[in-house]
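**Q** Input structure: coords_7.cif, which contains mmCIF, C-alpha atoms.
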data_structure
loop_
_atom_site.label_atom_id
_atom_site.label_comp_id
_atom_site.auth_asym_id
_atom_site.auth_seq_id
_atom_site.Cartn_x
_atom_site.Cartn_y
_atom_site.Cartn_z
CA MET A 1 -7.30 38.71 -58.97
CA LYS A 2 -6.66 41.52 -56.51
CA ARG A 3 -3.76 42.84 -58.55
CA GLU A 4 -6.16 43.93 -61.23
CA ASP A 5 -9.30 44.77 -59.30
CA LEU A 6 -10.63 47.53 -61.55
CA SER A 7 -13.76 48.17 -59.46
CA LEU A 8 -12.96 51.65 -58.21
CA TYR A 9 -10.10 53.00 -60.26
CA LEU A 10 -8.87 56.45 -59.27
CA VAL A 11 -7.26 58.64 -61.92
CA THR A 12 -5.42 61.56 -60.36
CA ASP A 13 -5.76 65.11 -61.59
CA ARG A 14 -3.71 67.88 -60.06
CA PRO A 15 -5.86 70.86 -61.17
CA LEU A 16 -9.04 69.10 -60.01
CA SER A 17 -7.57 68.33 -56.58
CA LEU A 18 -8.25 71.86 -55.35
CA GLY A 19 -4.70 72.56 -54.21
CA ARG A 20 -4.52 69.49 -52.00
CA ASP A 21 -1.55 67.12 -52.34
CA ILE A 22 -2.05 64.28 -54.80
CA ASP A 23 -0.69 61.77 -52.30
CA TRP A 24 -3.22 62.90 -49.69
CA VAL A 25 -6.10 62.53 -52.16
CA VAL A 26 -4.86 59.07 -53.14
CA THR A 27 -4.40 57.87 -49.57
CA GLU A 28 -7.88 59.06 -48.58
CA ALA A 29 -9.43 57.46 -51.66
CA VAL A 30 -7.80 54.12 -50.90
CA LYS A 31 -9.05 54.29 -47.31
CA GLY A 32 -12.53 54.66 -48.80
CA GLY A 33 -12.16 51.68 -51.12
CA ALA A 34 -10.29 52.68 -54.28
CA THR A 35 -8.85 49.47 -55.71
CA MET A 36 -6.40 50.89 -58.23
CA VAL A 37 -4.63 54.20 -58.84
CA GLN A 38 -3.45 55.82 -62.02
CA LEU A 39 -1.07 58.74 -61.60
CA ARG A 40 -1.75 61.17 -64.42
CA GLU A 41 0.41 64.28 -64.74
CA LYS A 42 0.38 66.31 -67.90
CA ASP A 43 2.40 69.39 -67.03
CA CYS A 44 4.98 68.61 -64.38
CA ASP A 45 8.63 67.92 -65.13
CA THR A 46 10.03 64.41 -65.17
CA ARG A 47 11.87 64.67 -61.86
CA GLU A 48 8.74 65.82 -60.00
CA PHE A 49 6.65 63.14 -61.73
CA ILE A 50 9.10 60.45 -60.58
CA ARG A 51 9.24 61.87 -57.05
CA LEU A 52 5.46 61.75 -56.76
CA ALA A 53 5.25 58.28 -58.32
CA ALA A 54 7.84 56.95 -55.85
CA LYS A 55 5.90 58.44 -52.94
CA LEU A 56 2.63 56.87 -54.11
CA LYS A 57 4.28 53.52 -54.70
CA GLU A 58 5.63 53.53 -51.16
CA ALA A 59 2.14 54.26 -49.83
CA LEU A 60 0.23 51.84 -52.05
CA SER A 61 2.49 48.77 -52.19
CA PRO A 62 1.89 47.69 -48.57
CA LEU A 63 -1.86 47.98 -49.20
CA GLY A 64 -1.74 45.81 -52.31
CA VAL A 65 -3.23 48.59 -54.44
CA PRO A 66 -1.60 48.76 -57.87
CA LEU A 67 -0.10 52.00 -59.09
CA LEU A 68 -0.24 52.68 -62.81
CA ILE A 69 1.43 55.59 -64.56
CA ASN A 70 -0.37 57.45 -67.30
CA ASP A 71 1.54 57.49 -70.61
CA ARG A 72 5.09 57.69 -69.23
CA VAL A 73 6.82 54.32 -69.43
CA ASP A 74 10.08 55.94 -68.25
CA VAL A 75 8.43 57.06 -65.01
CA ALA A 76 6.92 53.59 -64.52
CA LEU A 77 10.33 51.98 -65.04
CA ALA A 78 12.05 54.48 -62.76
CA VAL A 79 9.88 53.62 -59.75
CA ASP A 80 9.02 50.02 -60.72
CA ALA A 81 5.31 50.87 -60.81
CA ASP A 82 2.77 48.10 -61.38
CA GLY A 83 2.18 49.25 -64.93
CA VAL A 84 1.03 51.98 -67.25
CA HIS A 85 -2.14 53.25 -68.80
CA ILE A 86 -1.72 54.34 -72.40
CA GLY A 87 -3.94 56.14 -74.85
CA GLN A 88 -4.08 55.97 -78.61
CA SER A 89 -1.54 58.80 -78.99
CA ASP A 90 0.89 57.44 -76.38
CA MET A 91 3.58 54.81 -76.91
CA PRO A 92 2.32 51.99 -79.16
CA TYR A 93 1.16 49.04 -77.05
CA GLU A 94 3.70 46.54 -78.40
CA THR A 95 6.58 48.89 -77.59
CA ALA A 96 5.30 49.48 -74.07
CA ARG A 97 4.95 45.73 -73.52
CA ARG A 98 8.47 45.12 -74.78
CA LEU A 99 9.92 47.74 -72.43
CA LEU A 100 7.87 46.76 -69.39
CA GLY A 101 7.88 42.99 -69.75
CA PRO A 102 5.05 40.48 -69.41
CA ASP A 103 4.36 40.95 -65.69
CA LYS A 104 3.35 44.60 -65.68
CA ILE A 105 -0.22 45.78 -66.11
CA ILE A 106 -0.90 47.68 -69.32
CA GLY A 107 -4.27 49.29 -69.88
CA LEU A 108 -5.31 50.90 -73.13
CA SER A 109 -7.90 53.60 -73.76
CA VAL A 110 -10.36 52.92 -76.55
CA GLU A 111 -12.52 55.68 -77.93
CA ASN A 112 -14.72 53.86 -80.44
CA MET A 113 -15.86 50.36 -81.44
CA ASP A 114 -13.07 49.94 -83.98
CA GLU A 115 -10.53 50.46 -81.22
CA VAL A 116 -12.36 47.95 -78.99
CA ILE A 117 -12.05 45.36 -81.76
CA GLU A 118 -8.42 46.28 -82.42
CA ALA A 119 -7.62 45.90 -78.71
CA ASN A 120 -9.05 42.37 -78.83
CA GLY A 121 -5.99 41.47 -80.89
CA LEU A 122 -3.58 42.72 -78.21
CA ASP A 123 -2.76 41.10 -74.87
CA VAL A 124 -3.59 44.27 -72.90
CA ASP A 125 -4.67 43.71 -69.30
CA TYR A 126 -7.76 45.86 -69.56
CA ILE A 127 -9.31 48.52 -71.75
CA GLY A 128 -10.53 51.91 -70.59
CA ILE A 129 -13.72 52.76 -72.46
CA SER A 130 -13.57 56.50 -72.84
CA PRO A 131 -15.57 58.61 -72.52
CA VAL A 132 -18.88 57.12 -71.46
CA TYR A 133 -20.33 60.56 -70.83
CA SER A 134 -19.05 63.97 -71.90
CA THR A 135 -16.77 65.53 -69.34
CA ALA A 136 -14.64 68.60 -68.85
CA THR A 137 -11.67 66.45 -67.78
CA LYS A 138 -10.90 65.04 -71.19
CA THR A 139 -11.25 67.32 -74.18
CA ASP A 140 -9.24 65.34 -76.74
CA THR A 141 -11.60 62.42 -77.20
CA ALA A 142 -14.22 61.51 -79.76
CA GLY A 143 -17.96 61.58 -79.00
CA PRO A 144 -19.09 59.72 -75.85
CA PHE A 145 -20.11 56.05 -75.91
CA GLY A 146 -23.24 56.59 -73.83
CA LEU A 147 -24.68 53.76 -71.77
CA ASP A 148 -25.78 51.67 -74.78
CA GLY A 149 -22.42 52.10 -76.48
CA LEU A 150 -20.66 51.11 -73.27
CA ALA A 151 -22.79 47.96 -72.97
CA GLU A 152 -21.94 47.07 -76.57
CA ALA A 153 -18.21 47.72 -76.04
CA VAL A 154 -18.23 45.59 -72.88
CA LYS A 155 -19.83 42.73 -74.79
CA LEU A 156 -17.43 43.11 -77.74
CA SER A 157 -14.29 43.20 -75.63
CA VAL A 158 -12.38 40.09 -74.66
CA HIS A 159 -10.61 42.14 -71.96
CA PRO A 160 -11.64 43.41 -68.55
CA THR A 161 -13.20 46.84 -68.95
CA VAL A 162 -13.22 50.04 -66.99
CA ALA A 163 -15.58 52.86 -67.84
CA ILE A 164 -14.27 56.42 -67.82
CA GLY A 165 -15.83 59.84 -68.33
CA GLY A 166 -18.58 61.21 -66.12
CA MET A 167 -18.31 58.52 -63.44
CA ASN A 168 -19.90 59.61 -60.17
CA GLN A 169 -22.48 58.66 -57.56
CA LYS A 170 -25.29 59.26 -60.05
CA THR A 171 -23.89 57.28 -62.97
CA ALA A 172 -21.99 54.43 -61.31
CA PHE A 173 -24.96 52.10 -60.76
CA ASP A 174 -26.12 51.96 -64.40
CA VAL A 175 -22.54 51.78 -65.66
CA ILE A 176 -21.68 48.76 -63.56
CA ARG A 177 -24.90 47.09 -64.64
CA THR A 178 -23.70 47.12 -68.25
CA GLY A 179 -21.16 44.54 -67.13
CA ALA A 180 -18.15 46.88 -66.95
CA ASP A 181 -15.62 45.62 -64.42
CA GLY A 182 -15.06 49.01 -62.90
CA ILE A 183 -15.33 52.75 -63.08
CA ALA A 184 -12.41 55.13 -63.50
CA VAL A 185 -13.14 58.20 -61.44
CA VAL A 186 -11.47 61.60 -61.65
CA SER A 187 -13.35 64.64 -60.34
CA ALA A 188 -15.94 62.78 -58.24
CA ILE A 189 -13.04 61.78 -55.99
CA CYS A 190 -10.29 64.36 -56.64
CA SER A 191 -12.64 67.32 -56.18
CA ALA A 192 -14.74 65.83 -53.36
CA ASP A 193 -14.66 67.53 -49.95
CA SER A 194 -13.77 64.10 -48.61
CA PRO A 195 -12.14 61.80 -51.18
CA GLU A 196 -12.50 58.99 -48.61
CA LYS A 197 -16.24 59.48 -48.18
CA ALA A 198 -16.77 59.81 -51.95
CA SER A 199 -14.83 56.61 -52.55
CA ARG A 200 -16.82 54.78 -49.89
CA GLU A 201 -20.09 55.89 -51.48
CA LEU A 202 -18.93 54.88 -54.96
CA TYR A 203 -17.71 51.51 -53.79
CA ALA A 204 -21.05 50.82 -52.10
CA ILE A 205 -22.89 51.69 -55.30
CA ILE A 206 -20.64 49.35 -57.30
CA GLU A 207 -21.38 46.51 -54.87
CA GLU A 208 -25.08 47.24 -54.96
CA ALA A 209 -25.13 47.24 -58.77
CA ARG A 210 -23.32 43.92 -58.85
CA ARG A 211 -25.92 42.39 -56.52
CA SER A 212 -28.75 43.63 -58.69
CA PRO A 213 -30.65 40.99 -60.70
CA ILE A 214 -30.01 42.54 -64.15
CA SER A 215 -27.06 40.66 -65.57
CA LYS A 216 -24.65 41.65 -68.33
CA ALA A 217 -26.48 39.34 -70.77
CA GLN A 218 -29.80 41.06 -70.13
CA ALA A 219 -28.48 44.61 -70.23
CA MET B 1 35.85 58.91 -80.72
CA LYS B 2 33.37 59.61 -83.49
CA ARG B 3 30.49 58.33 -81.40
CA GLU B 4 30.82 61.29 -79.10
CA ASP B 5 32.09 64.01 -81.35
CA LEU B 6 30.47 66.98 -79.68
CA SER B 7 31.92 69.56 -82.10
CA LEU B 8 28.74 70.69 -83.80
CA TYR B 9 25.83 69.46 -81.76
CA LEU B 10 22.41 70.27 -83.18
CA VAL B 11 19.49 70.61 -80.77
CA THR B 12 16.17 70.52 -82.61
CA ASP B 13 13.40 72.99 -81.96
CA ARG B 14 10.10 72.67 -83.73
CA PRO B 15 8.84 76.26 -83.27
CA LEU B 16 12.20 77.66 -84.41
CA SER B 17 12.23 75.49 -87.54
CA LEU B 18 9.85 77.86 -89.35
CA GLY B 19 7.33 75.21 -90.29
CA ARG B 20 9.90 72.99 -91.98
CA ASP B 21 10.07 69.30 -91.05
CA ILE B 22 12.46 68.48 -88.23
CA ASP B 23 13.91 65.59 -90.19
CA TRP B 24 14.66 67.86 -93.14
CA VAL B 25 16.44 70.36 -90.88
CA VAL B 26 18.44 67.55 -89.29
CA THR B 27 19.42 65.96 -92.58
CA GLU B 28 20.55 69.28 -94.01
CA ALA B 29 22.52 70.10 -90.86
CA VAL B 30 24.33 66.78 -90.97
CA LYS B 31 25.20 67.33 -94.64
CA GLY B 32 26.81 70.59 -93.52
CA GLY B 33 28.82 68.96 -90.74
CA ALA B 34 26.67 68.51 -87.61
CA THR B 35 28.33 65.75 -85.59
CA MET B 36 25.55 64.95 -83.15
CA VAL B 37 21.79 65.50 -82.91
CA GLN B 38 19.55 65.96 -79.92
CA LEU B 39 15.83 65.62 -80.59
CA ARG B 40 14.04 67.95 -78.26
CA GLU B 41 10.24 68.03 -78.25
CA LYS B 42 8.36 69.68 -75.46
CA ASP B 43 4.76 69.65 -76.60
CA CYS B 44 4.09 66.73 -78.89
CA ASP B 45 2.49 63.50 -77.76
CA THR B 46 4.51 60.38 -77.07
CA ARG B 47 3.49 58.53 -80.23
CA GLU B 48 4.52 61.43 -82.47
CA PHE B 49 7.77 61.87 -80.52
CA ILE B 50 8.62 58.19 -81.05
CA ARG B 51 7.67 58.33 -84.72
CA LEU B 52 9.99 61.27 -85.29
CA ALA B 53 12.80 59.73 -83.25
CA ALA B 54 12.57 56.50 -85.25
CA LYS B 55 12.71 58.45 -88.50
CA LEU B 56 15.79 60.39 -87.39
CA LYS B 57 17.50 57.25 -86.15
CA GLU B 58 16.98 55.62 -89.52
CA ALA B 59 18.51 58.65 -91.23
CA LEU B 60 21.44 59.16 -88.84
CA SER B 61 22.59 55.62 -88.05
CA PRO B 62 24.10 54.93 -91.50
CA LEU B 63 25.99 58.24 -91.23
CA GLY B 64 27.44 57.39 -87.81
CA VAL B 65 25.89 60.51 -86.29
CA PRO B 66 24.53 59.80 -82.79
CA LEU B 67 20.93 60.63 -81.95
CA LEU B 68 20.16 61.68 -78.40
CA ILE B 69 16.70 62.26 -77.00
CA ASN B 70 16.01 65.19 -74.72
CA ASP B 71 14.61 64.18 -71.33
CA ARG B 72 12.50 61.21 -72.43
CA VAL B 73 14.20 57.92 -71.56
CA ASP B 74 11.08 56.04 -72.72
CA VAL B 75 11.40 57.49 -76.21
CA ALA B 76 15.14 56.67 -76.28
CA LEU B 77 14.41 53.08 -75.24
CA ALA B 78 11.56 52.76 -77.73
CA VAL B 79 13.77 53.57 -80.73
CA ASP B 80 17.10 52.37 -79.30
CA ALA B 81 18.55 55.87 -79.63
CA ASP B 82 22.23 56.44 -78.85
CA GLY B 83 21.36 58.12 -75.58
CA VAL B 84 19.62 60.95 -73.80
CA HIS B 85 20.32 64.47 -72.73
CA ILE B 86 18.91 65.30 -69.33
CA GLY B 87 18.55 68.49 -67.38
CA GLN B 88 18.48 69.10 -63.65
CA SER B 89 14.67 68.70 -63.50
CA ASP B 90 14.57 65.58 -65.67
CA MET B 91 15.10 61.99 -64.55
CA PRO B 92 17.93 61.76 -61.99
CA TYR B 93 21.16 60.69 -63.71
CA GLU B 94 21.60 57.43 -61.77
CA THR B 95 18.08 56.30 -62.72
CA ALA B 96 18.64 57.13 -66.37
CA ARG B 97 21.92 55.20 -66.36
CA ARG B 98 20.25 52.20 -64.73
CA LEU B 99 17.48 52.15 -67.34
CA LEU B 100 19.72 52.79 -70.35
CA GLY B 101 22.73 50.70 -69.42
CA PRO B 102 26.45 51.51 -69.58
CA ASP B 103 26.75 51.76 -73.37
CA LYS B 104 24.39 54.65 -74.03
CA ILE B 105 25.47 58.28 -74.08
CA ILE B 106 24.08 60.39 -71.27
CA GLY B 107 24.68 64.12 -71.23
CA LEU B 108 23.72 66.38 -68.36
CA SER B 109 22.99 70.10 -68.38
CA VAL B 110 24.74 72.15 -65.73
CA GLU B 111 23.64 75.67 -64.96
CA ASN B 112 26.20 76.81 -62.38
CA MET B 113 29.61 75.90 -60.97
CA ASP B 114 28.13 73.79 -58.16
CA GLU B 115 26.48 71.60 -60.76
CA VAL B 116 29.74 71.34 -62.71
CA ILE B 117 31.44 70.03 -59.57
CA GLU B 118 28.53 67.73 -58.76
CA ALA B 119 28.67 66.29 -62.29
CA ASN B 120 32.34 65.46 -61.75
CA GLY B 121 31.13 62.79 -59.32
CA LEU B 122 28.94 61.14 -61.98
CA ASP B 123 30.03 59.04 -64.95
CA VAL B 124 28.12 61.19 -67.43
CA ASP B 125 29.47 61.20 -70.97
CA TYR B 126 29.51 64.96 -71.30
CA ILE B 127 28.09 68.06 -69.70
CA GLY B 128 26.14 70.78 -71.46
CA ILE B 129 27.16 74.14 -70.01
CA SER B 130 24.00 76.20 -70.20
CA PRO B 131 23.48 78.96 -70.99
CA VAL B 132 26.69 80.63 -72.06
CA TYR B 133 24.79 83.64 -73.33
CA SER B 134 21.20 84.71 -72.70
CA THR B 135 18.81 83.37 -75.29
CA ALA B 136 15.12 83.32 -76.05
CA THR B 137 15.19 79.53 -76.55
CA LYS B 138 15.65 78.61 -72.91
CA THR B 139 13.76 80.63 -70.34
CA ASP B 140 13.99 78.27 -67.37
CA THR B 141 17.70 78.60 -66.64
CA ALA B 142 19.77 80.62 -64.20
CA GLY B 143 21.96 83.56 -65.27
CA PRO B 144 24.35 82.95 -68.16
CA PHE B 145 27.92 81.73 -67.62
CA GLY B 146 29.46 84.23 -69.99
CA LEU B 147 32.75 83.48 -71.72
CA ASP B 148 34.84 83.64 -68.53
CA GLY B 149 32.41 81.43 -66.64
CA LEU B 150 32.45 78.96 -69.50
CA ALA B 151 36.26 78.87 -69.49
CA GLU B 152 36.21 78.23 -65.74
CA ALA B 153 33.57 75.49 -66.05
CA VAL B 154 35.52 73.80 -68.85
CA LYS B 155 38.64 73.77 -66.64
CA LEU B 156 36.71 72.51 -63.61
CA SER B 157 34.97 69.68 -65.44
CA VAL B 158 36.45 66.22 -65.76
CA HIS B 159 34.00 65.54 -68.60
CA PRO B 160 33.82 66.55 -72.24
CA THR B 161 31.92 69.83 -72.50
CA VAL B 162 29.49 71.34 -74.91
CA ALA B 163 28.52 74.99 -74.70
CA ILE B 164 24.88 75.94 -75.18
CA GLY B 165 22.99 79.22 -75.32
CA GLY B 166 23.65 81.86 -77.95
CA MET B 167 25.89 79.71 -80.14
CA ASN B 168 26.17 81.13 -83.66
CA GLN B 169 28.64 82.26 -86.30
CA LYS B 170 29.61 85.27 -84.16
CA THR B 171 30.17 83.47 -80.86
CA ALA B 172 31.50 80.06 -81.91
CA PHE B 173 35.16 81.06 -82.33
CA ASP B 174 35.65 82.47 -78.82
CA VAL B 175 33.61 79.68 -77.26
CA ILE B 176 35.73 76.94 -78.80
CA ARG B 177 38.87 78.78 -77.74
CA THR B 178 37.86 78.37 -74.08
CA GLY B 179 38.55 74.68 -74.57
CA ALA B 180 34.93 73.55 -74.87
CA ASP B 181 34.68 70.39 -76.96
CA GLY B 182 31.74 71.62 -78.94
CA ILE B 183 28.85 73.99 -79.37
CA ALA B 184 25.19 73.04 -79.08
CA VAL B 185 23.29 75.05 -81.64
CA VAL B 186 19.56 75.65 -81.82
CA SER B 187 18.28 78.68 -83.74
CA ALA B 188 21.47 79.41 -85.74
CA ILE B 189 20.77 76.15 -87.57
CA CYS B 190 17.02 75.49 -87.10
CA SER B 191 16.03 78.99 -88.20
CA ALA B 192 18.68 79.40 -90.90
CA ASP B 193 17.52 79.78 -94.51
CA SER B 194 19.90 76.92 -95.24
CA PRO B 195 20.61 74.70 -92.22
CA GLU B 196 23.29 73.01 -94.34
CA LYS B 197 25.10 76.23 -95.14
CA ALA B 198 24.85 77.45 -91.53
CA SER B 199 26.27 74.15 -90.29
CA ARG B 200 29.11 74.31 -92.80
CA GLU B 201 30.00 77.83 -91.66
CA LEU B 202 29.85 76.86 -88.00
CA TYR B 203 31.96 73.78 -88.53
CA ALA B 204 34.59 75.83 -90.35
CA ILE B 205 34.71 78.31 -87.47
CA ILE B 206 35.15 75.46 -84.97
CA GLU B 207 38.05 74.09 -86.99
CA GLU B 208 39.62 77.50 -87.32
CA ALA B 209 39.35 78.12 -83.56
CA ARG B 210 40.98 74.78 -82.82
CA ARG B 211 43.89 75.64 -85.12
CA SER B 212 44.38 78.98 -83.38
CA PRO B 213 47.46 79.30 -81.16
CA ILE B 214 45.59 80.22 -77.95
CA SER B 215 45.24 76.97 -76.02
CA LYS B 216 42.83 76.03 -73.26
CA ALA B 217 45.56 76.59 -70.66
CA GLN B 218 46.18 80.14 -71.86
CA ALA B 219 42.54 81.15 -72.16
#
Starting from the file, give its structure as structure tokens.

**A**
Amino acid sequence: MKREDLSLYLVTDRPLSLGRDIDWVVTEAVKGGATMVQLREKDCDTREFIRLAAKLKEALSPLGVPLLINDRVDVALAVDADGVHIGQSDMPYETARRLLGPDKIIGLSVENMDEVIEANGLDVDYIGISPVYSTATKTDTAGPFGLDGLAEAVKLSVHPTVAIGGMNQKTAFDVIRTGADGIAVVSAICSADSPEKASRELYAIIEEARRSPISKAQA
Amino acid sequence: MKREDLSLYLVTDRPLSLGRDIDWVVTEAVKGGATMVQLREKDCDTREFIRLAAKLKEALSPLGVPLLINDRVDVALAVDADGVHIGQSDMPYETARRLLGPDKIIGLSVENMDEVIEANGLDVDYIGISPVYSTATKTDTAGPFGLDGLAEAVKLSVHPTVAIGGMNQKTAFDVIRTGADGIAVVSAICSADSPEKASRELYAIIEEARRSPISKAQA
């Protein structure tokens, strides 16, 4: 279903966007093929966060690209975003679901196999397997899954999966071949000279990996 | 109405609480006479914020002391708090009212006379006049109102008013005599050896000021 096409999932990052406007980076990335956008802001005030979220929603809605808000259910409610992405130290999943209702997308980060199994008991819309590789973007996570760990998590999970942490033009092919439904990209798009071109390249690699003969079962 | 007794309004501050648990400080303050509590957390993650808010709500509800949440409407919704306190860079008032409904308390900080007048056009439940005096607690505000500015703001406002910024045993008497409905106290309670004793002293001063012959009109 288009509404939850996790293939090329952009996670915004203001410091990594090299001084360029977040909404410009997002618009360019979507032109290049990004299928989903998560607005992540850690340091801005609530009013600015809402202003930016409203602007992105206005840009993305006509294109059918879902906008998720990282952590902040209040911001998601304020702009009627398509959902939220929450981590293990954000609002508990059940509370977020109660506040957002059954129709919104809720994704949950999992950082180890126990959390993958725990998420199987929740009706989350997808899990973000994080991190696959070590990265400078996220410093508050446990050790990385690695490619084998990712493949195991993908098999264990009853939910759609998106891989996060170290996703770029070099890693995307192998990651998609584990059976993950998508890659969540931060710096490889936000810091690219051309976020559009980077997204186009990544999307092509995802398609190529999906056409490759090695299936999830064989991985 | 008890539900909005602004008289002695405690605003929590983790760094100023000298390593003591927020819920201990709050409980002690309420024993001493605090009539309202605002949970303000700037740096903790959402899950911890909700956990603390739920704990305070459980403690305060039986006592009839309202719990407001600073800025975070999601946290207020998560624990069904009595309301929120928002500043000029937080969620816009109309959005907060839409998400919280007509029955919750919403207070708004005003930092100058223009904002006092602007707030008169909103159905906020009270305004926080901030800061009355310069203080180390808030560094992101405009110049202080001073006692004369506070008196003018109180007269201008159609809403109940609470004075914030430099409220302590030395300033409370004059502040209440301007006609302000209450004082919002941070360090004079959070950093006190005995938050209970400090609250008791402050409450006594508020009562004494209200009994004094100088009325709001004469101030």

**Q** Suppose you want the space between atom CA of B:Gly149 and atom CA of B:Ala163; what is it in Å?

**A**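 Atom-to-atom, atom CA of B:Gly149 and atom CA of B:Ala163 are spaced 11.0 Å apart.
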
**Q** Which neighbours of stretch 95-100 of chain B fall inside 8 Å, counting only C-alpha atoms, when residues of the same chain fewer than 6 positions from it are skipped, and could you give them as a list in words?

**A**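 The residues that qualify are Leu77 and Ala78 of chain A; Val73, Leu77, Gly83 and Ile106 of chain B.
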
**Q** With 7 Å as the limit and counting only C-alpha atoms, what residues in chain B lie close to chain A? Please list them as a list in words.

**A**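 Selected residues: Asp45, Thr46, Arg47, Val73, Asp74, Ala78, Ser89, Asp90, Met91, Pro92 and Thr95 of chain B.
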
**Q** Take the selection from the previous step and output its residues with C-alpha atoms, as a compact mmCIF listing (two decimals), in the coordinates of the input.

**A**
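This is the output file out.txt:
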# COMPACT_ATOMS: atom_id res chain seq x y z
CA ASP B 45 2.49 63.50 -77.76
CA THR B 46 4.51 60.38 -77.07
CA ARG B 47 3.49 58.53 -80.23
CA VAL B 73 14.20 57.92 -71.56
CA ASP B 74 11.08 56.04 -72.72
CA ALA B 78 11.56 52.76 -77.73
CA SER B 89 14.67 68.70 -63.50
CA ASP B 90 14.57 65.58 -65.67
CA MET B 91 15.10 61.99 -64.55
CA PRO B 92 17.93 61.76 -61.99
CA THR B 95 18.08 56.30 -62.72

**Q** Expand the PyMOL selection byres ((chain A and resi 4-9) around 9) into the explicit residue set it covers here, and present it as a ChimeraX atom specification.

**A** /A:1-3,10-11,33-38,65-66,105,125-126,160-162,176,180-186,199,202-203,206

**Q** Skipping near chain neighbours, those fewer than 2 positions away, what residues fall within 8 Å of A:Gly32 using all atoms listed in the file, listed as a PyMOL selection string?

**A** chain A and resi 28-30+34+195-200+203

**Q** Calculated over only C-alpha atoms, which of the candidates A:Ala53, A:Val116, A:Leu16, A:Ala209 has the smallest distance to A:Arg177?

**A**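 Under the stated criterion, the closest residue is A:Ala209.
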
**Q** Let me know the residues the PyMOL selection byres ((chain B and resi 169) around 8) catches in the file above, as a list in words.

**A** Met167, Asn168, Lys170, Thr171, Ala172, Phe173, Ala188, Glu201, Leu202 and Ile205 of chain B

**Q** Calculate how many Å separate atom CA of A:Leu150 from atom CA of A:Ser134, rounding to one decimal.

**A**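 The value is 13.0 Å.
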
**Q** Pull out every residue that the PyMOL selection byres ((chain A and resi 156) around 12) matches in the shown coordinates and put them as an mmCIF file with C-alpha atoms, in the frame of the given file.

**A**
data_model
loop_
_atom_site.group_PDB
_atom_site.id
_atom_site.type_symbol
_atom_site.label_atom_id
_atom_site.label_comp_id
_atom_site.auth_asym_id
_atom_site.auth_seq_id
_atom_site.Cartn_x
_atom_site.Cartn_y
_atom_site.Cartn_z
ATOM 1 C CA ASN A 112 -14.720 53.860 -80.440
ATOM 2 C CA MET A 113 -15.860 50.360 -81.440
ATOM 3 C CA ASP A 114 -13.070 49.940 -83.980
ATOM 4 C CA GLU A 115 -10.530 50.460 -81.220
ATOM 5 C CA VAL A 116 -12.360 47.950 -78.990
ATOM 6 C CA ILE A 117 -12.050 45.360 -81.760
ATOM 7 C CA GLU A 118 -8.420 46.280 -82.420
ATOM 8 C CA ALA A 119 -7.620 45.900 -78.710
ATOM 9 C CA ASN A 120 -9.050 42.370 -78.830
ATOM 10 C CA GLY A 121 -5.990 41.470 -80.890
ATOM 11 C CA ILE A 127 -9.310 48.520 -71.750
ATOM 12 C CA ILE A 129 -13.720 52.760 -72.460
ATOM 13 C CA GLY A 149 -22.420 52.100 -76.480
ATOM 14 C CA LEU A 150 -20.660 51.110 -73.270
ATOM 15 C CA ALA A 151 -22.790 47.960 -72.970
ATOM 16 C CA GLU A 152 -21.940 47.070 -76.570
ATOM 17 C CA ALA A 153 -18.210 47.720 -76.040
ATOM 18 C CA VAL A 154 -18.230 45.590 -72.880
ATOM 19 C CA LYS A 155 -19.830 42.730 -74.790
ATOM 20 C CA SER A 157 -14.290 43.200 -75.630
ATOM 21 C CA VAL A 158 -12.380 40.090 -74.660
ATOM 22 C CA HIS A 159 -10.610 42.140 -71.960
ATOM 23 C CA PRO A 160 -11.640 43.410 -68.550
ATOM 24 C CA THR A 161 -13.200 46.840 -68.950
ATOM 25 C CA GLY A 179 -21.160 44.540 -67.130
ATOM 26 C CA ALA A 180 -18.150 46.880 -66.950
ATOM 27 C CA LYS A 216 -24.650 41.650 -68.330
#

**Q** Quick one: axis-aligned box around all listed atoms of stretch 173-176 of chain A, 3 Å on every side, centre and edge lengths in Å to one decimal, written as JSON.

**A**
{"center_x": -23.9, "center_y": 50.4, "center_z": -63.2, "size_x": 10.4, "size_y": 9.3, "size_z": 10.9}

**Q** Please measure the separation of atom CA of B:Arg40 and atom CA of B:Pro15, giving the value in Å to one decimal.

**A**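 We find that atom CA of B:Arg40 and atom CA of B:Pro15 lie 11.0 Å from each other.
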
**Q** Which residues, written as a ChimeraX atom specification, have at least one atom at most 10 Å from A:Asp148, with all atoms listed in the file counted and residues fewer than 6 positions away on the same chain left out?

**A** /A:132,154,175,178,219

**Q** Excluding B:Lys57 and its own-chain neighbours fewer than 4 positions away, which residues fall within 7 Å of it when counting all atoms listed in the file? Please give them as a count of residues only.

**A** 4
